[in-house]
$ cat protein.txt   # compact mmCIF, N, CA and C atoms
# COMPACT_ATOMS: atom_id res chain seq x y z
N MET A 1 5.35 -29.22 29.32
CA MET A 1 5.90 -28.39 28.28
C MET A 1 4.84 -28.01 27.27
N LYS A 2 3.96 -28.94 26.89
CA LYS A 2 2.92 -28.65 25.93
C LYS A 2 1.94 -27.61 26.45
N LEU A 3 1.66 -27.62 27.74
CA LEU A 3 0.75 -26.64 28.33
C LEU A 3 1.33 -25.23 28.22
N GLY A 4 2.63 -25.09 28.42
CA GLY A 4 3.29 -23.79 28.30
C GLY A 4 3.19 -23.23 26.90
N ILE A 5 3.36 -24.06 25.89
CA ILE A 5 3.26 -23.63 24.49
C ILE A 5 1.83 -23.25 24.18
N ALA A 6 0.86 -24.02 24.63
CA ALA A 6 -0.54 -23.72 24.37
C ALA A 6 -0.94 -22.40 25.01
N LEU A 7 -0.49 -22.15 26.23
CA LEU A 7 -0.83 -20.89 26.90
C LEU A 7 -0.21 -19.70 26.20
N SER A 8 1.04 -19.83 25.72
CA SER A 8 1.67 -18.71 25.03
C SER A 8 0.99 -18.44 23.70
N THR A 9 0.55 -19.49 23.02
CA THR A 9 -0.18 -19.32 21.76
C THR A 9 -1.52 -18.64 22.01
N LEU A 10 -2.23 -19.06 23.05
CA LEU A 10 -3.51 -18.45 23.40
C LEU A 10 -3.32 -16.97 23.75
N ALA A 11 -2.27 -16.66 24.50
CA ALA A 11 -2.00 -15.27 24.86
C ALA A 11 -1.74 -14.43 23.61
N ALA A 12 -1.00 -14.95 22.65
CA ALA A 12 -0.70 -14.22 21.42
C ALA A 12 -1.97 -13.95 20.62
N VAL A 13 -2.85 -14.94 20.55
CA VAL A 13 -4.12 -14.78 19.83
C VAL A 13 -4.98 -13.72 20.51
N LEU A 14 -5.06 -13.75 21.83
CA LEU A 14 -5.86 -12.77 22.55
C LEU A 14 -5.32 -11.36 22.37
N VAL A 15 -4.01 -11.18 22.43
CA VAL A 15 -3.41 -9.86 22.25
C VAL A 15 -3.70 -9.34 20.85
N ALA A 16 -3.58 -10.20 19.84
CA ALA A 16 -3.86 -9.78 18.46
C ALA A 16 -5.32 -9.39 18.30
N GLY A 17 -6.22 -10.16 18.89
CA GLY A 17 -7.65 -9.85 18.80
C GLY A 17 -8.00 -8.54 19.46
N ILE A 18 -7.42 -8.29 20.62
CA ILE A 18 -7.68 -7.04 21.33
C ILE A 18 -7.15 -5.87 20.53
N GLY A 19 -5.97 -6.02 19.95
CA GLY A 19 -5.40 -4.94 19.12
C GLY A 19 -6.28 -4.63 17.93
N LEU A 20 -6.80 -5.65 17.28
CA LEU A 20 -7.70 -5.43 16.13
C LEU A 20 -8.98 -4.76 16.57
N ALA A 21 -9.54 -5.16 17.70
CA ALA A 21 -10.77 -4.55 18.20
C ALA A 21 -10.55 -3.08 18.53
N LEU A 22 -9.42 -2.76 19.14
CA LEU A 22 -9.13 -1.37 19.49
C LEU A 22 -8.89 -0.51 18.26
N ALA A 23 -8.32 -1.11 17.20
CA ALA A 23 -8.06 -0.35 15.97
C ALA A 23 -9.36 0.08 15.31
N GLY A 24 -10.42 -0.74 15.45
CA GLY A 24 -11.74 -0.37 14.95
C GLY A 24 -11.90 -0.43 13.46
N GLY A 25 -10.96 -1.00 12.75
CA GLY A 25 -11.06 -1.07 11.30
C GLY A 25 -12.10 -2.07 10.87
N ASP A 26 -12.77 -1.79 9.74
CA ASP A 26 -13.75 -2.72 9.23
C ASP A 26 -13.26 -3.43 7.99
N GLY A 27 -12.05 -3.07 7.54
CA GLY A 27 -11.49 -3.72 6.37
C GLY A 27 -12.13 -3.27 5.08
N GLY A 28 -13.10 -2.37 5.12
CA GLY A 28 -13.77 -1.91 3.91
C GLY A 28 -12.98 -0.86 3.19
N GLY A 29 -13.12 -0.79 1.88
CA GLY A 29 -12.37 0.17 1.10
C GLY A 29 -13.12 1.47 0.91
N GLY A 30 -14.42 1.40 0.63
CA GLY A 30 -15.18 2.62 0.31
C GLY A 30 -15.73 3.28 1.55
N THR A 31 -16.19 4.52 1.36
CA THR A 31 -16.80 5.24 2.47
C THR A 31 -18.09 5.89 1.99
N PRO A 32 -19.12 5.09 1.74
CA PRO A 32 -20.39 5.68 1.34
C PRO A 32 -21.00 6.47 2.48
N ALA A 33 -21.92 7.35 2.14
CA ALA A 33 -22.59 8.15 3.18
C ALA A 33 -23.29 7.25 4.17
N ALA A 34 -23.87 6.18 3.70
CA ALA A 34 -24.54 5.24 4.60
C ALA A 34 -24.42 3.85 4.01
N SER A 35 -24.38 2.86 4.87
CA SER A 35 -24.34 1.48 4.41
C SER A 35 -25.08 0.62 5.43
N THR A 36 -25.32 -0.62 5.06
CA THR A 36 -26.02 -1.51 5.98
C THR A 36 -25.08 -2.50 6.63
N GLY A 37 -23.79 -2.21 6.66
CA GLY A 37 -22.85 -3.10 7.31
C GLY A 37 -21.58 -2.37 7.70
N GLY A 38 -20.62 -3.11 8.25
CA GLY A 38 -19.34 -2.54 8.62
C GLY A 38 -19.28 -2.18 10.08
N ALA A 39 -18.06 -1.86 10.52
CA ALA A 39 -17.85 -1.50 11.92
C ALA A 39 -18.40 -0.12 12.19
N ALA A 40 -18.81 0.10 13.39
CA ALA A 40 -19.36 1.41 13.75
C ALA A 40 -18.68 1.93 15.00
N GLU A 41 -18.58 3.25 15.06
CA GLU A 41 -17.99 3.88 16.23
C GLU A 41 -18.93 3.75 17.42
N LYS A 42 -20.20 3.93 17.20
CA LYS A 42 -21.20 3.90 18.26
C LYS A 42 -22.53 3.45 17.66
N THR A 43 -23.36 2.83 18.47
CA THR A 43 -24.68 2.41 18.00
C THR A 43 -25.74 3.29 18.65
N THR A 44 -26.64 3.82 17.83
CA THR A 44 -27.76 4.61 18.30
C THR A 44 -29.04 3.89 17.88
N LYS A 45 -30.02 3.88 18.76
CA LYS A 45 -31.26 3.15 18.49
C LYS A 45 -32.38 4.10 18.10
N VAL A 46 -33.14 3.69 17.08
CA VAL A 46 -34.37 4.37 16.69
C VAL A 46 -35.46 3.30 16.74
N THR A 47 -36.49 3.57 17.53
CA THR A 47 -37.60 2.63 17.67
C THR A 47 -38.75 3.08 16.79
N ILE A 48 -39.35 2.14 16.10
CA ILE A 48 -40.55 2.42 15.30
C ILE A 48 -41.73 1.94 16.12
N SER A 49 -42.56 2.89 16.55
CA SER A 49 -43.68 2.57 17.43
C SER A 49 -44.84 3.52 17.16
N ASN A 50 -46.04 2.98 17.11
CA ASN A 50 -47.23 3.79 16.84
C ASN A 50 -47.08 4.63 15.58
N PHE A 51 -46.47 4.03 14.54
CA PHE A 51 -46.27 4.67 13.24
C PHE A 51 -45.46 5.95 13.35
N ASN A 52 -44.44 5.92 14.22
CA ASN A 52 -43.50 7.04 14.39
C ASN A 52 -42.10 6.49 14.57
N PHE A 53 -41.10 7.30 14.15
CA PHE A 53 -39.71 7.02 14.46
C PHE A 53 -39.39 7.75 15.76
N GLU A 54 -38.89 7.02 16.76
CA GLU A 54 -38.58 7.62 18.06
C GLU A 54 -37.13 7.37 18.43
N PRO A 55 -36.33 8.39 18.61
CA PRO A 55 -36.66 9.80 18.41
C PRO A 55 -36.69 10.13 16.92
N PRO A 56 -37.44 11.16 16.55
CA PRO A 56 -37.56 11.49 15.13
C PRO A 56 -36.29 12.13 14.55
N GLN A 57 -35.45 12.69 15.40
CA GLN A 57 -34.20 13.29 14.95
C GLN A 57 -33.08 12.83 15.87
N ILE A 58 -31.99 12.37 15.26
CA ILE A 58 -30.83 11.97 16.06
C ILE A 58 -29.58 12.60 15.48
N GLU A 59 -28.59 12.75 16.33
CA GLU A 59 -27.29 13.27 15.91
C GLU A 59 -26.24 12.23 16.29
N VAL A 60 -25.43 11.84 15.31
CA VAL A 60 -24.40 10.82 15.53
C VAL A 60 -23.09 11.29 14.90
N LYS A 61 -22.02 10.64 15.28
CA LYS A 61 -20.72 10.90 14.67
C LYS A 61 -20.56 10.02 13.44
N ALA A 62 -19.75 10.47 12.49
CA ALA A 62 -19.47 9.67 11.30
C ALA A 62 -18.94 8.31 11.73
N GLY A 63 -19.44 7.27 11.13
CA GLY A 63 -19.07 5.90 11.47
C GLY A 63 -20.05 5.23 12.41
N ALA A 64 -21.04 5.98 12.88
CA ALA A 64 -22.01 5.42 13.83
C ALA A 64 -23.00 4.52 13.12
N LYS A 65 -23.44 3.51 13.86
CA LYS A 65 -24.46 2.60 13.37
C LYS A 65 -25.78 2.98 14.02
N VAL A 66 -26.83 3.09 13.21
CA VAL A 66 -28.18 3.35 13.72
C VAL A 66 -28.98 2.06 13.54
N MET A 67 -29.55 1.60 14.66
CA MET A 67 -30.35 0.37 14.66
C MET A 67 -31.83 0.76 14.66
N PHE A 68 -32.54 0.42 13.59
CA PHE A 68 -33.97 0.69 13.48
C PHE A 68 -34.72 -0.56 13.92
N THR A 69 -35.51 -0.45 15.00
CA THR A 69 -36.25 -1.59 15.55
C THR A 69 -37.75 -1.33 15.43
N ASN A 70 -38.46 -2.26 14.80
CA ASN A 70 -39.89 -2.11 14.58
C ASN A 70 -40.69 -2.78 15.69
N GLU A 71 -41.40 -1.97 16.47
CA GLU A 71 -42.28 -2.49 17.52
C GLU A 71 -43.75 -2.46 17.09
N ASP A 72 -44.03 -2.05 15.86
CA ASP A 72 -45.40 -2.06 15.33
C ASP A 72 -45.71 -3.41 14.71
N SER A 73 -47.00 -3.67 14.50
CA SER A 73 -47.39 -4.91 13.82
C SER A 73 -47.29 -4.77 12.30
N ALA A 74 -47.22 -3.54 11.79
CA ALA A 74 -47.08 -3.30 10.35
C ALA A 74 -45.61 -3.28 9.96
N THR A 75 -45.33 -3.64 8.73
CA THR A 75 -43.97 -3.57 8.19
C THR A 75 -43.64 -2.12 7.86
N HIS A 76 -42.41 -1.71 8.14
CA HIS A 76 -41.94 -0.35 7.86
C HIS A 76 -40.59 -0.41 7.16
N THR A 77 -40.13 0.77 6.69
CA THR A 77 -38.78 0.92 6.15
C THR A 77 -38.19 2.21 6.71
N ALA A 78 -36.88 2.34 6.59
CA ALA A 78 -36.19 3.60 6.81
C ALA A 78 -35.50 3.88 5.48
N THR A 79 -36.09 4.79 4.70
CA THR A 79 -35.66 5.05 3.33
C THR A 79 -35.24 6.51 3.20
N SER A 80 -34.05 6.74 2.66
CA SER A 80 -33.56 8.12 2.53
C SER A 80 -34.47 8.95 1.64
N GLU A 81 -34.51 10.23 1.95
CA GLU A 81 -35.31 11.18 1.15
C GLU A 81 -34.42 12.35 0.78
N PRO A 82 -34.01 12.46 -0.49
CA PRO A 82 -34.47 11.65 -1.63
C PRO A 82 -33.88 10.24 -1.57
N GLN A 83 -34.56 9.34 -2.26
CA GLN A 83 -34.14 7.94 -2.26
C GLN A 83 -32.79 7.78 -2.93
N GLY A 84 -32.08 6.73 -2.53
CA GLY A 84 -30.81 6.42 -3.15
C GLY A 84 -29.61 6.49 -2.23
N THR A 85 -29.73 7.19 -1.10
CA THR A 85 -28.61 7.27 -0.17
C THR A 85 -28.55 6.06 0.73
N PHE A 86 -29.68 5.67 1.29
CA PHE A 86 -29.75 4.44 2.09
C PHE A 86 -31.16 3.90 2.08
N GLU A 87 -31.25 2.61 2.38
CA GLU A 87 -32.53 1.91 2.37
C GLU A 87 -32.41 0.71 3.30
N SER A 88 -33.28 0.65 4.29
CA SER A 88 -33.24 -0.46 5.24
C SER A 88 -33.83 -1.75 4.66
N GLY A 89 -34.69 -1.60 3.65
CA GLY A 89 -35.49 -2.74 3.24
C GLY A 89 -36.62 -2.89 4.25
N ASP A 90 -37.44 -3.91 4.06
CA ASP A 90 -38.57 -4.13 4.99
C ASP A 90 -38.05 -4.46 6.39
N ILE A 91 -38.67 -3.81 7.37
CA ILE A 91 -38.40 -4.13 8.78
C ILE A 91 -39.72 -4.65 9.34
N ASP A 92 -39.80 -5.96 9.48
CA ASP A 92 -41.03 -6.58 9.98
C ASP A 92 -41.14 -6.42 11.49
N GLU A 93 -42.32 -6.71 12.00
CA GLU A 93 -42.59 -6.61 13.45
C GLU A 93 -41.53 -7.37 14.25
N GLY A 94 -40.96 -6.68 15.25
CA GLY A 94 -39.98 -7.29 16.13
C GLY A 94 -38.58 -7.39 15.56
N LYS A 95 -38.38 -6.93 14.34
CA LYS A 95 -37.07 -7.04 13.69
C LYS A 95 -36.29 -5.73 13.80
N THR A 96 -34.98 -5.84 13.63
CA THR A 96 -34.07 -4.69 13.69
C THR A 96 -33.20 -4.70 12.45
N LYS A 97 -32.96 -3.51 11.88
CA LYS A 97 -32.07 -3.36 10.73
C LYS A 97 -31.06 -2.27 11.04
N PRO A 98 -29.77 -2.54 10.84
CA PRO A 98 -28.74 -1.52 11.07
C PRO A 98 -28.40 -0.75 9.80
N ILE A 99 -28.09 0.52 9.95
CA ILE A 99 -27.55 1.33 8.87
C ILE A 99 -26.38 2.11 9.46
N THR A 100 -25.22 2.04 8.81
CA THR A 100 -24.03 2.75 9.26
C THR A 100 -23.87 4.02 8.44
N PHE A 101 -23.72 5.15 9.12
CA PHE A 101 -23.57 6.45 8.47
C PHE A 101 -22.09 6.83 8.51
N LYS A 102 -21.44 6.81 7.36
CA LYS A 102 -19.99 6.98 7.31
C LYS A 102 -19.53 8.41 7.02
N LYS A 103 -20.37 9.20 6.37
CA LYS A 103 -19.97 10.56 6.01
C LYS A 103 -20.86 11.60 6.68
N PRO A 104 -20.30 12.75 7.03
CA PRO A 104 -21.10 13.83 7.63
C PRO A 104 -22.19 14.33 6.67
N GLY A 105 -23.26 14.82 7.26
CA GLY A 105 -24.36 15.38 6.48
C GLY A 105 -25.66 15.24 7.25
N THR A 106 -26.72 15.74 6.66
CA THR A 106 -28.06 15.62 7.23
C THR A 106 -28.86 14.72 6.30
N PHE A 107 -29.38 13.65 6.86
CA PHE A 107 -30.06 12.63 6.06
C PHE A 107 -31.51 12.48 6.53
N ALA A 108 -32.43 12.99 5.72
CA ALA A 108 -33.86 12.82 6.00
C ALA A 108 -34.27 11.43 5.53
N TYR A 109 -35.25 10.85 6.22
CA TYR A 109 -35.75 9.54 5.81
C TYR A 109 -37.24 9.43 6.12
N PHE A 110 -37.87 8.42 5.52
CA PHE A 110 -39.30 8.18 5.70
C PHE A 110 -39.57 6.70 5.55
N CYS A 111 -40.81 6.29 5.79
CA CYS A 111 -41.23 4.92 5.56
C CYS A 111 -41.90 4.84 4.19
N LEU A 112 -41.45 3.92 3.35
CA LEU A 112 -42.05 3.76 2.02
C LEU A 112 -43.54 3.44 2.07
N TYR A 113 -43.97 2.73 3.11
CA TYR A 113 -45.36 2.31 3.22
C TYR A 113 -46.25 3.34 3.93
N HIS A 114 -45.64 4.22 4.68
CA HIS A 114 -46.39 5.22 5.47
C HIS A 114 -45.63 6.54 5.38
N ALA A 115 -45.87 7.27 4.29
CA ALA A 115 -45.08 8.47 3.96
C ALA A 115 -45.13 9.56 5.03
N ASN A 116 -46.11 9.50 5.91
CA ASN A 116 -46.20 10.50 6.99
C ASN A 116 -45.16 10.24 8.07
N MET A 117 -44.57 9.05 8.08
CA MET A 117 -43.52 8.71 9.05
C MET A 117 -42.19 9.28 8.54
N LYS A 118 -41.64 10.22 9.30
CA LYS A 118 -40.40 10.88 8.86
C LYS A 118 -39.41 10.98 10.01
N GLY A 119 -38.15 11.02 9.65
CA GLY A 119 -37.08 11.17 10.63
C GLY A 119 -35.88 11.82 9.97
N GLU A 120 -34.86 12.08 10.79
CA GLU A 120 -33.65 12.73 10.28
C GLU A 120 -32.45 12.28 11.10
N VAL A 121 -31.37 11.98 10.40
CA VAL A 121 -30.10 11.64 11.04
C VAL A 121 -29.11 12.74 10.66
N ILE A 122 -28.53 13.37 11.67
CA ILE A 122 -27.51 14.39 11.46
C ILE A 122 -26.18 13.73 11.82
N VAL A 123 -25.28 13.65 10.83
CA VAL A 123 -24.00 13.01 11.03
C VAL A 123 -22.91 14.08 11.08
N LYS A 124 -22.18 14.12 12.17
CA LYS A 124 -21.11 15.12 12.38
C LYS A 124 -19.76 14.55 12.05

$ encode --input "protein.txt" --output "structure tokens"
Amino acid sequence: MKLGIALSTLAAVLVAGIGLALAGGDGGGGTPAASTGGAAEKTTKVTISNFNFEPPQIEVKAGAKVMFTNEDSATHTATSEPQGTFESGDIDEGKTKPITFKKPGTFAYFCLYHANMKGEVIVK
């Protein structure tokens, strides 16, 4: 009898978890243009290599998470231009920083340490 109760409880927990995952809610109240956390509709990768953002321009849907991965030995950032919309902070060698883009728009960015490094995120 105890096994039957445990299995029904486990099934209820699994169904609730699947429902929450499918709903895709992040529980957040605000919707900034970009943030460094929260649930994302899709993840897009930008690699930092040879002092370049690759690809230099990406197009994502609102709610998408962009993962910036540094493959260079130098520290880099992904900083909005003009500053103030989003900021990755330092991305050291081998590290990855996520930024979630919640509102549509075109967001130019650069590296604070290497101003010639530029990229753009187009959010639809």

$ atom_distance --input "protein.txt" --atom1 "atom CA of A:Gln57" --atom2 "atom CA of A:Thr100"
15.7 Å

$ atom_distance --input "protein.txt" --atom1 "atom C of A:Lys95" --atom2 "atom N of A:Glu120"
18.1 Å

$ atom_distance --input "protein.txt" --atom1 "atom CA of A:Ile91" --atom2 "atom C of A:Thr106"
21.3 Å

$ residues_around --input "protein.txt" --residues "A:Ile58" --least-positions-apart "2" --cutoff "6 Å" --atoms "only N, CA and C atoms" --output "list of chain:residue names"
A:Pro55, A:Pro56, A:Val60, A:Glu120, A:Val121, A:Ile122

$ closest_residue --input "protein.txt" --among "A:Gly84, A:Gly105, A:Gly119, A:Pro98" --to "A:Phe68" --atoms "all atoms listed in the file"
A:Pro98

$ residues_around --input "protein.txt" --residues "A:Phe51" --least-positions-apart "4" --cutoff "8 Å" --atoms "all atoms listed in the file" --output "NGL selection string"
:A and (71-73 or 114 or 116-118)

$ write_last_selection --input "protein.txt" --atoms "N, CA and C atoms" --output "PDB file, in the coordinates of the input"
ATOM      1  N   GLU A  71     -41.400  -1.970  16.470  1.00  0.00           N
ATOM      2  CA  GLU A  71     -42.280  -2.490  17.520  1.00  0.00           C
ATOM      3  C   GLU A  71     -43.750  -2.460  17.090  1.00  0.00           C
ATOM      4  N   ASP A  72     -44.030  -2.050  15.860  1.00  0.00           N
ATOM      5  CA  ASP A  72     -45.400  -2.060  15.330  1.00  0.00           C
ATOM      6  C   ASP A  72     -45.710  -3.410  14.710  1.00  0.00           C
ATOM      7  N   SER A  73     -47.000  -3.670  14.500  1.00  0.00           N
ATOM      8  CA  SER A  73     -47.390  -4.910  13.820  1.00  0.00           C
ATOM      9  C   SER A  73     -47.290  -4.770  12.300  1.00  0.00           C
ATOM     10  N   HIS A 114     -45.640   4.220   4.680  1.00  0.00           N
ATOM     11  CA  HIS A 114     -46.390   5.220   5.470  1.00  0.00           C
ATOM     12  C   HIS A 114     -45.630   6.540   5.380  1.00  0.00           C
ATOM     13  N   ASN A 116     -46.110   9.500   5.910  1.00  0.00           N
ATOM     14  CA  ASN A 116     -46.200  10.500   6.990  1.00  0.00           C
ATOM     15  C   ASN A 116     -45.160  10.240   8.070  1.00  0.00           C
ATOM     16  N   MET A 117     -44.570   9.050   8.080  1.00  0.00           N
ATOM     17  CA  MET A 117     -43.520   8.710   9.050  1.00  0.00           C
ATOM     18  C   MET A 117     -42.190   9.280   8.540  1.00  0.00           C
ATOM     19  N   LYS A 118     -41.640  10.220   9.300  1.00  0.00           N
ATOM     20  CA  LYS A 118     -40.400  10.880   8.860  1.00  0.00           C
ATOM     21  C   LYS A 118     -39.410  10.980  10.010  1.00  0.00           C
TER      22      LYS A 118
END
